[in-house]
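A short write-up of the structure that comes next.
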Protein chains: 2
Amino acid sequence: MEIGKIKRWIIGEPFPTSADIHERLDNIRGLAIFASDPISSNAYATEAIMSVLIVLGSGALSLTLPLALGVAGLVTIVVFSYIQIILHYPKGGGGYRVTRDNLGTAPALLVAAALLTDYILTVSVSVSAGVRAITSAFPQWHDHRVALALSAIFLITLINLRGVRESGTIFALPTYAFVGGVMVVIVVGLVRYFGLFGAPPLEITPHIVPPQRDLSGFLYVWLLLRAFAAGCTALTGIEAISDGVASFKPPEAVNAAKTMFAMGVMAMSLFAGISFLSTHMSLIPEETNSILSQMTEAVAGRGFLYYWVQAFTMLILVLAANTGFQDFPRLSSFLAQDGFMPRWMANRGDRLVFSSGILTLAFLSSLVVIVFHADEFAMLPLYALGVMVSFTFSQVSMVRLMGRIGKLKPGEKLKTRFTEVVYERGWRWKQVLSAFGSLVTFVVLVVLVATKFLDGAWIVVLAIPLLVRMFYAINSHYKDVASNLRTRDLVGSRLVQVADVAIVPIGDVHKGTLRALQYARRLASEVRAVCVVTSEEQKERLLKRWNRFPELTGDVQLLCIDYDFRDVLEPVIEYIEKVKEEEFPDEMLTVVLPEFIAPSLATQLLHNQSANILRLRLRGYPNIIVVDIPFHIYSRMDMEEREQAEQSSDEVPSQPSGGDSSADTQASDAQGSP
Amino acid sequence: MEIGKIKRWIIGEPFPTSADIHERLDNIRGLAIFASDPISSNAYATEAIMSVLIVLGSGALSLTLPLALGVAGLVTIVVFSYIQIILHYPKGGGGYRVTRDNLGTAPALLVAAALLTDYILTVSVSVSAGVRAITSAFPQWHDHRVALALSAIFLITLINLRGVRESGTIFALPTYAFVGGVMVVIVVGLVRYFGLFGAPPLEITPHIVPPQRDLSGFLYVWLLLRAFAAGCTALTGIEAISDGVASFKPPEAVNAAKTMFAMGVMAMSLFAGISFLSTHMSLIPEETNSILSQMTEAVAGRGFLYYWVQAFTMLILVLAANTGFQDFPRLSSFLAQDGFMPRWMANRGDRLVFSSGILTLAFLSSLVVIVFHADEFAMLPLYALGVMVSFTFSQVSMVRLMGRIGKLKPGEKLKTRFTEVVYERGWRWKQVLSAFGSLVTFVVLVVLVATKFLDGAWIVVLAIPLLVRMFYAINSHYKDVASNLRTRDLVGSRLVQVADVAIVPIGDVHKGTLRALQYARRLASEVRAVCVVTSEEQKERLLKRWNRFPELTGDVQLLCIDYDFRDVLEPVIEYIEKVKEEEFPDEMLTVVLPEFIAPSLATQLLHNQSANILRLRLRGYPNIIVVDIPFHIYSRMDMEEREQAEQSSDEVPSQPSGGDSSADTQASDAQGSP
């Protein structure tokens, strides 16, 4: 098994199922693995707000800070809601499970479809953004950006296939290096801005950009809403941890909630810090020089820190894809467990991760990268919609859950499909907070769809209901399977009986077909060999050979079908159909198929694929059983070796009559004694 | 069978094998179908000679006629040799069979490889040349020339798949229209040149082209040889009829020989006429205006005749490909019959043609077109080498055969592998003629290889031995098969015996696996169900369900394999291997595989492919027999219908104990009586 070796070399030795607990994440790795997307958002979220406001001129950029604080406030609320979700759904599940539990299956599938779409886009967008950062530095690679993006996806896929703990270790360095670097920039920036500790003050050279348009009234408010919605890309990925609770060390829910909290604080402080500085330093968004880069340069010059931040920004942009790689396979596995996705997506691979989900995501996001030529600006209108759908529904679900909790008597337990809750104090204000959060995320969703619909958001609006339809179709099939397999009212005699007949299609009489006949005779008392003959010579030759082996063919009926065409499988299938329908309509009918097995794929192609084609055609009949009698072709050299081996183990010539092997053994024993 | 319908619509209703004789070609169609290549050569052969001579200036063009007459003489000799081949090999066979018969297998395979290569190139070259003619008229299509060439190949393939008679009918019109048109041009041209019947004399305006180089001695002779060799492209396709003798109406050989003769005369007169006129009209080869076009215009003006000749030149260039489509499949079928190509290439398709050969040629020539971007000038250095190899060896073979014939006594018969000959008078001069012909074609071959080697001929020089190697490798496999299947020393008891054991891998207990167990119990007295369990819960659930059906599972051993990994097929395969090796090393072991059959391919993908994977893995073992027990999944709606149908045919509830079906029938009879 060479393939097995290569696989082990690439993704490592398989973990036993019982090793699951050792493969759990500590909080440090957990943060690194789940938070790369929300933390990397800081590389561009402030800039996203400013890019909208600049339409009103550089004067309007002072609005960045209040809007950013608004976004930060929303993040706080959403993080809080998700901590509640984690604590109430300690087995994990996030938006899909919490919605299914509280609002029903249809909205839950809507959430799932929205999230899956978004995870695919997370991967495509972040990898493309990372590649853009790289090709800005090395413009000669610009023509290969699709190949670069696909390689990045390939690499992240491999790392994820190696297991969650290992990928956590790999992803920890760039994540913390990025956070650390930017933190240093912010602290130094603040120190210099406020002139603390006698630090040299920042040089601030305000650029004046005149307003492109003069908006007022509704349009002005709409612009502010758009700027706010643009800033809300900082929210993507917040939900990741809630899906992955089960991969934390026990107590899972507590550790996950702690990590969630740490992530919230970290992302918040970066976002607030960058927004504060960029506003007060009067930075202007430029196409070739990001706000973060301008800020770092102004604060610390083009030194070590500058390149550190630049390098790790590049890296974390690519690694943000990992949030998609964490959650897509997990969410798929939840859906698969519930019968809305192929069941095998719930199976864990060699390294205890949901390998098929990882590979599916890699495939789909690669497709998006190819279709959009790795241009993340073209993909951005499709992005972040799904996650807003999920935020809205999840928080409405928490409103509902808190309402149900509030109605419980102390000591009473409420058991739902996915969890169990008891009465808790403070349910009312948690409910209000989630309600407010859901309202805001809903408004953001509406703004995003309205402003980006024609730019591409329509694709997502179209894709989500199609996905939901697919979920239902898959579920319907699994319900069919369950009905078909049901044994509730089964008694033995109701199973279909087996006809005492075996049909053996043959093309010629040789060792391979004789073997098949021998097996068929063992299987049924009536054996019918069927041969399609296309010429008189063929028929004569066949009969002559047939009659040479009376002890094997004597009690077998030989049926020659004369046929004036050349597709010799047709009459065989027709004959089998006729026998099945007319003679054994209610029994299982056995067909014994002799089949050549050539030593290699190339030599296999030298044979016609009759046995394979027949098998495929006969699969359509519920009560036809196909028995494959393989006949291996050896090279003449191997054959001689085999024959010599046989002869040395069986020196005595066997008896001409059909004695069984034990008789053979006795005979050789008898002769072997002196 | 929708596919069957589409197929019939495209290629027509299948012909019965006995209709073969009605599908034979009359000589008119035979000429059209085989001669398109040699006849179309006239469109460019004269020009090919002139293009070489022009290096010496327009004065040297007067050498065209003697060289052309030399080529015509060679054609006459080769045609004569092939008429001899046809008459002596009335079952068809051409270069490959005549060489195998007289010089041995290795040179015959060399000839076959050379011819096959050349037929592929014939198709690619002529289609590309035809497309060039079309894109000269419509330059806007130039960017789509590969697509145009592939479409042309596709069309010719379809026509050929419709059968030899039908394609003969389709190809007859353009072939005869071309010949007729050019004939008229030549006759009118000669009449006007010689001023017969008071016709207006031709206006001859000689262009003087100065010599590019001044050659003398060896180089001058070499140039003349090159010009001669260039003219020898007119020889390609001459051998076609000799392969296809069997597709003529009886008496096959006589009709084929007549057609060959007619083709020779026709091609000769066109070639001689064009060469005479172009020399005496002092035409100069131009890049954008072919000699034939210049001549037609000078003789008949830009009128109806001009466009007629132009249009049918274009068409016959494309149709020249058909010579390849005739001979590649036939030659492949000869090789397949002799076990040097896959045997199925000798099978005739629905319309009695060698469909797989036609499709193989279509695929390979399309590949060449794609690789060379449909540029026939790039392909030409590879072209016409193979056919010269074949001419040389075939004629040497005839020298040998005539020698053997000359040694026969009158009345004595010589039976060779492919034919039977008697003494004939005139063997000596036939021998001399063939010897001379072979010498000349060999010189042409050497000149072609020497002048074109670096331009691409090396590809063919490399490909031919590789093909020969492939022929031998294929042959070796078929010899292996024959050795393996040999029944000469077979006696019944030497066949491997069948172990009285059936192994049933199961994943769960449900209707599908219970059916498999039922079948296995019918098959062997010892049945072992094998289940890999990965958790305690799964084991408990399995045992509970197992014990619910004592009448089906009572006498079956249930083997639970505890497994701490997730690739549950591994332990099953290991178990089967172990049982085979340790318990039944010398017997056939039966594995009964329950398998879900979903209603569509899409739903099939929702299941893991365990049964398919297991079957593929177990194919590797010579004495493991796999029995597929299909379990069809119906949609719930269909199921209800089926159940209702079952109930109406079997109103009485069956007994709880496992009675067989006859007991059931008795019981229902008993209850059915009043």
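If you're wondering about the labels, chains in the structure tokens are A, B, ... by order shown, residues count from 1 in each chain, ligands from 1 in order shown.
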Given only C-alpha atoms, how would the per-residue table for chain B near chain A read, listing every residue at most 6 Å away with its closest atom pair and distance in Å to one decimal, sorted by chain and number, as a Markdown table?
| residue | atom | partner | partner_atom | distance |
| --- | --- | --- | --- | --- |
| B:Pro16 | CA | A:Phe565 | CA | 4.9 |
| B:Thr17 | CA | A:Asp564 | CA | 5.1 |
| B:Pro342 | CA | A:Leu606 | CA | 4.7 |
| B:Asp480 | CA | A:Ser635 | CA | 5.2 |
| B:Val481 | CA | A:Ile633 | CA | 5.9 |
| B:Leu485 | CA | A:Lys511 | CA | 4.8 |
| B:Thr487 | CA | A:Lys511 | CA | 6.0 |
| B:Gly492 | CA | A:Gly658 | CA | 5.5 |
| B:Ser493 | CA | A:Gly658 | CA | 4.6 |
| B:His510 | CA | A:Leu485 | CA | 5.4 |
| B:Lys511 | CA | A:Leu485 | CA | 4.8 |
| B:Asp564 | CA | A:Pro16 | CA | 5.0 |
| B:Phe565 | CA | A:Pro16 | CA | 4.9 |
| B:Leu606 | CA | A:Pro342 | CA | 4.7 |
| B:Pro622 | CA | A:His632 | CA | 5.7 |
| B:Ile625 | CA | A:Ile629 | CA | 5.5 |
| B:Val626 | CA | A:Asp628 | CA | 5.4 |
| B:Val627 | CA | A:Val627 | CA | 4.3 |
| B:Asp628 | CA | A:Val626 | CA | 5.4 |
| B:Ile629 | CA | A:Ile625 | CA | 5.5 |
| B:His632 | CA | A:Pro622 | CA | 5.7 |
| B:Ile633 | CA | A:Val481 | CA | 5.9 |
| B:Ser635 | CA | A:Asp480 | CA | 5.2 |
| B:Arg636 | CA | A:Asp480 | CA | 5.3 |
| B:Pro656 | CA | A:Val491 | CA | 5.9 |
| B:Gly658 | CA | A:Ser493 | CA | 5.0 |
| B:Gly659 | CA | A:Ser493 | CA | 5.9 |
By how many Å are CA of Tyr306 in chain B and CA of Ser293 in chain B apart?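 These two atoms are separated by 7.5 Å.
What separates CA of Cys531 in chain A from CA of Leu589 in chain A is a distance of 18.0 Å.
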Nearest residue to Tyr89 in chain A out of A:Lys430, A:Lys578, A:Lys544, A:Lys415, using only C-alpha atoms? A:Lys415
Just the helix (DSSP H, G or I) stuff from range 218-322 of chain A, please, per backbone DSSP, written as a ChimeraX atom specification. /A:218-235,240-243,245-247,252-280,291-300,304-319,321-322
Resulting file, chosen residues, C-alpha atoms, as a CSV table (one decimal), in the first residue's frame:
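Dumped to again.csv:
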chain,number,residue,atom,x,y,z
A,218,PHE,CA,-31.8,60.5,4.0
A,219,LEU,CA,-28.8,60.0,1.7
A,220,TYR,CA,-26.5,61.2,4.4
A,221,VAL,CA,-27.9,58.7,6.9
A,222,TRP,CA,-27.7,55.9,4.3
A,223,LEU,CA,-24.1,56.7,3.8
A,224,LEU,CA,-23.4,56.5,7.5
A,225,LEU,CA,-25.3,53.2,7.6
A,226,ARG,CA,-23.1,51.9,4.7
A,227,ALA,CA,-20.0,53.0,6.5
A,228,PHE,CA,-21.2,51.2,9.7
A,229,ALA,CA,-22.1,48.1,7.7
A,230,ALA,CA,-18.7,48.2,6.1
A,231,GLY,CA,-17.1,48.2,9.5
A,232,CYS,CA,-19.2,45.2,10.5
A,233,THR,CA,-16.9,42.9,8.4
A,234,ALA,CA,-15.0,43.0,11.7
A,235,LEU,CA,-17.8,40.7,13.1
A,240,ALA,CA,-16.5,30.2,15.0
A,241,ILE,CA,-15.8,29.2,18.6
A,242,SER,CA,-19.5,28.3,19.3
A,243,ASP,CA,-19.4,25.6,16.7
A,245,VAL,CA,-16.9,23.9,21.7
A,246,ALA,CA,-16.3,20.2,21.6
A,247,SER,CA,-12.7,20.5,20.6
A,252,GLU,CA,-15.4,22.5,27.3
A,253,ALA,CA,-18.0,25.2,27.6
A,254,VAL,CA,-16.2,27.1,30.2
A,255,ASN,CA,-12.9,27.1,28.3
A,256,ALA,CA,-14.6,28.0,25.1
A,257,ALA,CA,-16.5,30.9,26.8
A,258,LYS,CA,-13.2,32.1,28.3
A,259,THR,CA,-11.5,32.0,24.9
A,260,MET,CA,-14.4,33.8,23.3
A,261,PHE,CA,-14.1,36.5,25.9
A,262,ALA,CA,-10.4,36.8,25.3
A,263,MET,CA,-10.9,37.0,21.6
A,264,GLY,CA,-13.5,39.7,22.1
A,265,VAL,CA,-11.3,41.8,24.2
A,266,MET,CA,-8.3,41.4,21.9
A,267,ALA,CA,-10.2,42.2,18.7
A,268,MET,CA,-11.9,45.1,20.4
A,269,SER,CA,-8.8,46.7,21.7
A,270,LEU,CA,-7.0,46.4,18.4
A,271,PHE,CA,-10.0,47.8,16.5
A,272,ALA,CA,-10.6,50.7,18.9
A,273,GLY,CA,-6.9,51.5,19.0
A,274,ILE,CA,-6.4,51.5,15.3
A,275,SER,CA,-9.6,53.6,14.8
A,276,PHE,CA,-8.6,56.1,17.4
A,277,LEU,CA,-5.1,56.6,16.1
A,278,SER,CA,-6.1,56.7,12.4
A,279,THR,CA,-8.8,59.3,13.1
A,280,HIS,CA,-6.5,61.5,15.3
A,291,ILE,CA,-4.1,52.5,6.9
A,292,LEU,CA,-2.3,50.0,9.1
A,293,SER,CA,0.9,50.4,7.1
A,294,GLN,CA,0.6,54.2,7.1
A,295,MET,CA,0.1,54.2,10.8
A,296,THR,CA,2.9,51.8,11.6
A,297,GLU,CA,5.3,53.9,9.5
A,298,ALA,CA,4.2,57.2,11.1
A,299,VAL,CA,4.5,55.7,14.6
A,300,ALA,CA,7.6,53.6,14.3
A,304,PHE,CA,12.0,46.3,12.2
A,305,LEU,CA,8.5,46.8,13.7
A,306,TYR,CA,7.2,48.0,10.3
A,307,TYR,CA,8.3,44.9,8.5
A,308,TRP,CA,7.2,42.7,11.4
A,309,VAL,CA,3.7,44.1,11.2
A,310,GLN,CA,3.7,44.0,7.4
A,311,ALA,CA,4.8,40.4,7.2
A,312,PHE,CA,2.4,39.1,9.8
A,313,THR,CA,-0.5,41.0,8.3
A,314,MET,CA,0.2,39.2,5.1
A,315,LEU,CA,0.3,35.9,6.9
A,316,ILE,CA,-2.7,36.4,9.1
A,317,LEU,CA,-4.8,37.5,6.1
A,318,VAL,CA,-4.1,34.1,4.6
A,319,LEU,CA,-4.6,32.3,7.9
A,321,ALA,CA,-9.0,31.2,5.9
A,322,ASN,CA,-8.5,28.8,8.7
Enumerate as a VMD selection string all residues of range 597-647 of chain B assigned to strand (DSSP E) by DSSP on the backbone, naming them with the chain letters and numbers the document uses. chain B and resid 597 624 to 632
Mind writing the picked residues with N, CA and C atoms as a compact mmCIF listing (two decimals), in the first residue's frame?
# COMPACT_ATOMS: atom_id res chain seq x y z
N ILE B 597 -28.44 0.08 -3.21
CA ILE B 597 -28.54 0.66 -4.55
C ILE B 597 -29.53 1.81 -4.43
N ILE B 624 -10.95 -15.47 -3.82
CA ILE B 624 -12.04 -14.92 -3.02
C ILE B 624 -13.18 -14.55 -3.97
N ILE B 625 -14.35 -15.11 -3.69
CA ILE B 625 -15.51 -14.88 -4.54
C ILE B 625 -16.40 -13.85 -3.85
N VAL B 626 -16.78 -12.82 -4.56
CA VAL B 626 -17.63 -11.80 -3.96
C VAL B 626 -19.05 -11.92 -4.50
N VAL B 627 -20.00 -12.02 -3.59
CA VAL B 627 -21.41 -12.09 -3.97
C VAL B 627 -22.06 -10.77 -3.58
N ASP B 628 -22.60 -10.06 -4.58
CA ASP B 628 -23.25 -8.78 -4.30
C ASP B 628 -24.73 -8.99 -4.02
N ILE B 629 -25.17 -8.59 -2.83
CA ILE B 629 -26.61 -8.67 -2.55
C ILE B 629 -27.14 -7.25 -2.62
N PRO B 630 -27.78 -6.89 -3.73
CA PRO B 630 -28.24 -5.51 -3.85
C PRO B 630 -29.45 -5.29 -2.95
N PHE B 631 -29.50 -4.11 -2.35
CA PHE B 631 -30.71 -3.75 -1.62
C PHE B 631 -31.15 -2.40 -2.16
N HIS B 632 -32.24 -2.42 -2.90
CA HIS B 632 -32.68 -1.21 -3.58
C HIS B 632 -33.46 -0.31 -2.63
Atom-to-atom span, CA of Glu540 in chain A and CA of Leu569 in chain A, Å: 20.3 Å
Report as a PyMOL selection string all protein, DNA and RNA residues lying within 10 Å of Trp141 in chain B, evaluated on only C-alpha atoms, omitting residues in the same chain fewer than 6 positions from it. chain B and resi 131-132+134-135+147-148
Keeping only N, CA and C atoms, write those residues as a compact mmCIF listing (two decimals), in the first residue's frame.
# COMPACT_ATOMS: atom_id res chain seq x y z
N VAL B 131 -8.80 23.14 -43.60
CA VAL B 131 -9.17 24.29 -42.78
C VAL B 131 -8.40 25.52 -43.22
N ARG B 132 -7.13 25.35 -43.64
CA ARG B 132 -6.37 26.49 -44.12
C ARG B 132 -7.02 27.07 -45.38
N ILE B 134 -10.12 26.97 -46.08
CA ILE B 134 -11.34 27.68 -45.67
C ILE B 134 -10.99 29.03 -45.03
N THR B 135 -9.99 29.02 -44.14
CA THR B 135 -9.68 30.28 -43.45
C THR B 135 -8.97 31.27 -44.38
N ALA B 147 -10.63 24.53 -33.59
CA ALA B 147 -12.02 24.09 -33.41
C ALA B 147 -12.61 23.60 -34.73
N LEU B 148 -12.31 24.33 -35.81
CA LEU B 148 -12.82 23.91 -37.13
C LEU B 148 -12.28 22.54 -37.51
Rank B:Leu364, B:Val504, B:Ile10, B:Ile573 by their smallest atom-to-atom distance to Ile159 in chain B, using only C-alpha atoms, and report the top residue only.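 Using only C-alpha atoms, the shortest distance to Ile159 in chain B belongs to B:Ile10.
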Which residues are near Gly168 in chain A? Cut-off 12 Å, only C-alpha atoms, ignore same chain within fewer than 3 positions. Put them as a tab-separated table (two decimals) with N, CA and C atoms, in the first residue's frame.
chain	number	residue	atom	x	y	z
A	23	GLU	N	-6.24	15.19	21.96
A	23	GLU	CA	-6.12	16.07	20.81
A	23	GLU	C	-6.91	17.36	21.00
A	24	ARG	N	-7.49	17.51	22.20
A	24	ARG	CA	-8.25	18.74	22.43
A	24	ARG	C	-7.34	19.96	22.47
A	25	LEU	N	-7.97	21.12	22.32
A	25	LEU	CA	-7.22	22.38	22.28
A	25	LEU	C	-7.16	23.02	23.66
A	26	ASP	N	-5.98	23.52	24.04
A	26	ASP	CA	-5.97	24.41	25.19
A	26	ASP	C	-6.41	25.79	24.70
A	27	ASN	N	-6.61	26.71	25.64
A	27	ASN	CA	-7.22	27.98	25.23
A	27	ASN	C	-6.29	28.81	24.34
A	28	ILE	N	-4.97	28.68	24.55
A	28	ILE	CA	-4.02	29.43	23.74
A	28	ILE	C	-4.14	29.02	22.27
A	29	ARG	N	-4.10	27.69	22.04
A	29	ARG	CA	-4.24	27.20	20.67
A	29	ARG	C	-5.65	27.46	20.14
A	30	GLY	N	-6.64	27.31	21.02
A	30	GLY	CA	-8.03	27.53	20.60
A	30	GLY	C	-8.21	28.93	20.05
A	31	LEU	N	-7.64	29.89	20.77
A	31	LEU	CA	-7.76	31.28	20.31
A	31	LEU	C	-7.10	31.42	18.94
A	32	ALA	N	-5.92	30.84	18.80
A	32	ALA	CA	-5.18	30.99	17.54
A	32	ALA	C	-5.95	30.39	16.38
A	33	ILE	N	-6.56	29.24	16.65
A	33	ILE	CA	-7.16	28.50	15.55
A	33	ILE	C	-8.50	29.09	15.11
A	34	PHE	N	-9.25	29.61	16.09
A	34	PHE	CA	-10.58	30.10	15.73
A	34	PHE	C	-10.59	31.59	15.43
A	35	ALA	N	-9.64	32.33	16.04
A	35	ALA	CA	-9.77	33.78	16.03
A	35	ALA	C	-9.02	34.45	14.89
A	36	SER	N	-8.38	33.65	14.02
A	36	SER	CA	-7.59	34.30	12.98
A	36	SER	C	-8.45	35.21	12.10
A	156	ILE	N	-3.09	25.07	3.52
A	156	ILE	CA	-3.94	25.16	4.71
A	156	ILE	C	-4.76	23.87	4.86
A	159	ILE	N	-2.51	21.24	6.39
A	159	ILE	CA	-2.30	21.49	7.83
A	159	ILE	C	-3.54	21.09	8.62
A	160	ASN	N	-4.72	21.41	8.10
A	160	ASN	CA	-5.93	21.06	8.81
A	160	ASN	C	-6.17	19.56	8.85
A	161	LEU	N	-5.74	18.88	7.78
A	161	LEU	CA	-5.92	17.43	7.77
A	161	LEU	C	-5.03	16.76	8.82
A	162	ARG	N	-3.98	17.45	9.24
A	162	ARG	CA	-3.08	16.88	10.25
A	162	ARG	C	-3.68	16.90	11.64
A	163	GLY	N	-4.87	17.49	11.79
A	163	GLY	CA	-5.50	17.46	13.10
A	163	GLY	C	-5.56	18.83	13.73
A	164	VAL	N	-6.50	18.98	14.64
A	164	VAL	CA	-6.81	20.31	15.16
A	164	VAL	C	-5.71	20.83	16.07
A	165	ARG	N	-5.10	19.94	16.86
A	165	ARG	CA	-4.07	20.38	17.79
A	165	ARG	C	-2.83	20.84	17.03
A	171	PHE	N	-0.66	27.57	13.77
A	171	PHE	CA	-1.27	28.88	13.56
A	171	PHE	C	-1.03	29.84	14.73
A	172	ALA	N	-0.57	29.31	15.87
A	172	ALA	CA	-0.44	30.17	17.04
A	172	ALA	C	0.57	31.29	16.80
A	173	LEU	N	1.74	30.95	16.26
A	173	LEU	CA	2.79	31.95	16.10
A	173	LEU	C	2.33	33.17	15.30
A	174	PRO	N	1.86	33.01	14.04
A	174	PRO	CA	1.50	34.21	13.29
A	174	PRO	C	0.39	35.02	13.94
A	175	THR	N	-0.58	34.33	14.56
A	175	THR	CA	-1.69	35.06	15.17
A	175	THR	C	-1.17	35.96	16.30
A	176	TYR	N	-0.42	35.35	17.22
A	176	TYR	CA	0.05	36.15	18.36
A	176	TYR	C	1.09	37.17	17.92
A	247	SER	N	-14.14	20.82	20.73
A	247	SER	CA	-12.72	20.55	20.55
A	247	SER	C	-11.85	21.19	21.64
A	248	PHE	N	-12.49	21.82	22.64
A	248	PHE	CA	-11.72	22.35	23.77
A	248	PHE	C	-11.54	21.29	24.84
A	319	LEU	N	-4.16	33.24	6.83
A	319	LEU	CA	-4.60	32.30	7.85
A	319	LEU	C	-6.04	32.52	8.30
A	322	ASN	N	-8.42	29.98	7.86
A	322	ASN	CA	-8.52	28.83	8.74
A	322	ASN	C	-9.81	28.79	9.54
A	323	THR	N	-10.37	29.97	9.83
A	323	THR	CA	-11.65	29.98	10.53
A	323	THR	C	-12.69	29.23	9.71
A	325	PHE	N	-11.96	26.84	7.64
A	325	PHE	CA	-11.59	25.43	7.70
A	325	PHE	C	-11.98	24.78	9.03
A	326	GLN	N	-12.11	25.59	10.08
A	326	GLN	CA	-12.57	25.03	11.34
A	326	GLN	C	-14.06	24.78	11.31
Selection: 7 Å around range 388-399 of chain A, only C-alpha atoms, excl. self and same-chain fewer than 3 positions, as a list in words: Ser81, Gly95, Val98, Thr99, Asn102, Leu103, Val111, Ala114, Leu115, Ala384, Leu385, Met402, Gly403, Gln431, Ser434, Ala435, Gly437, Ser438, Thr441, Phe442 and Leu445 of chain A
Which polymer residues have any atom within 10 Å of an atom of Gly406 in chain A, counting only C-alpha atoms, with same-chain residues fewer than 2 positions away left out, as a PDB file with C-alpha atoms, in the first residue's frame?
ATOM      1  CA  ARG A 400     -36.750  32.790  22.647  1.00  0.00           C
ATOM      2  CA  LEU A 401     -34.613  30.527  24.835  1.00  0.00           C
ATOM      3  CA  MET A 402     -34.280  33.149  27.555  1.00  0.00           C
ATOM      4  CA  GLY A 403     -38.064  33.565  27.454  1.00  0.00           C
ATOM      5  CA  ARG A 404     -38.518  29.818  27.995  1.00  0.00           C
ATOM      6  CA  LEU A 408     -39.212  27.690  34.366  1.00  0.00           C
ATOM      7  CA  LYS A 409     -39.747  27.087  38.048  1.00  0.00           C
ATOM      8  CA  PRO A 410     -36.582  26.780  40.155  1.00  0.00           C
ATOM      9  CA  VAL A 422     -32.652  25.309  34.103  1.00  0.00           C
ATOM     10  CA  TYR A 423     -34.015  28.583  35.415  1.00  0.00           C
ATOM     11  CA  GLU A 424     -31.414  31.302  35.756  1.00  0.00           C
ATOM     12  CA  ARG A 425     -31.505  34.781  37.144  1.00  0.00           C
ATOM     13  CA  GLY A 426     -30.888  37.700  34.860  1.00  0.00           C
ATOM     14  CA  TRP A 427     -32.651  36.032  31.930  1.00  0.00           C
ATOM     15  CA  ARG A 428     -34.548  39.229  31.240  1.00  0.00           C
ATOM     16  CA  GLN A 431     -32.955  38.572  26.494  1.00  0.00           C
TER      17      GLN A 431
END
Taking 5 positions as the minimum chain separation for residues in the same chain, which residues sit within 8 Å of range 194-207 of chain B when counting only C-alpha atoms? Answer as number ranges by chain. B: 58, 189, 281-284, 298-299
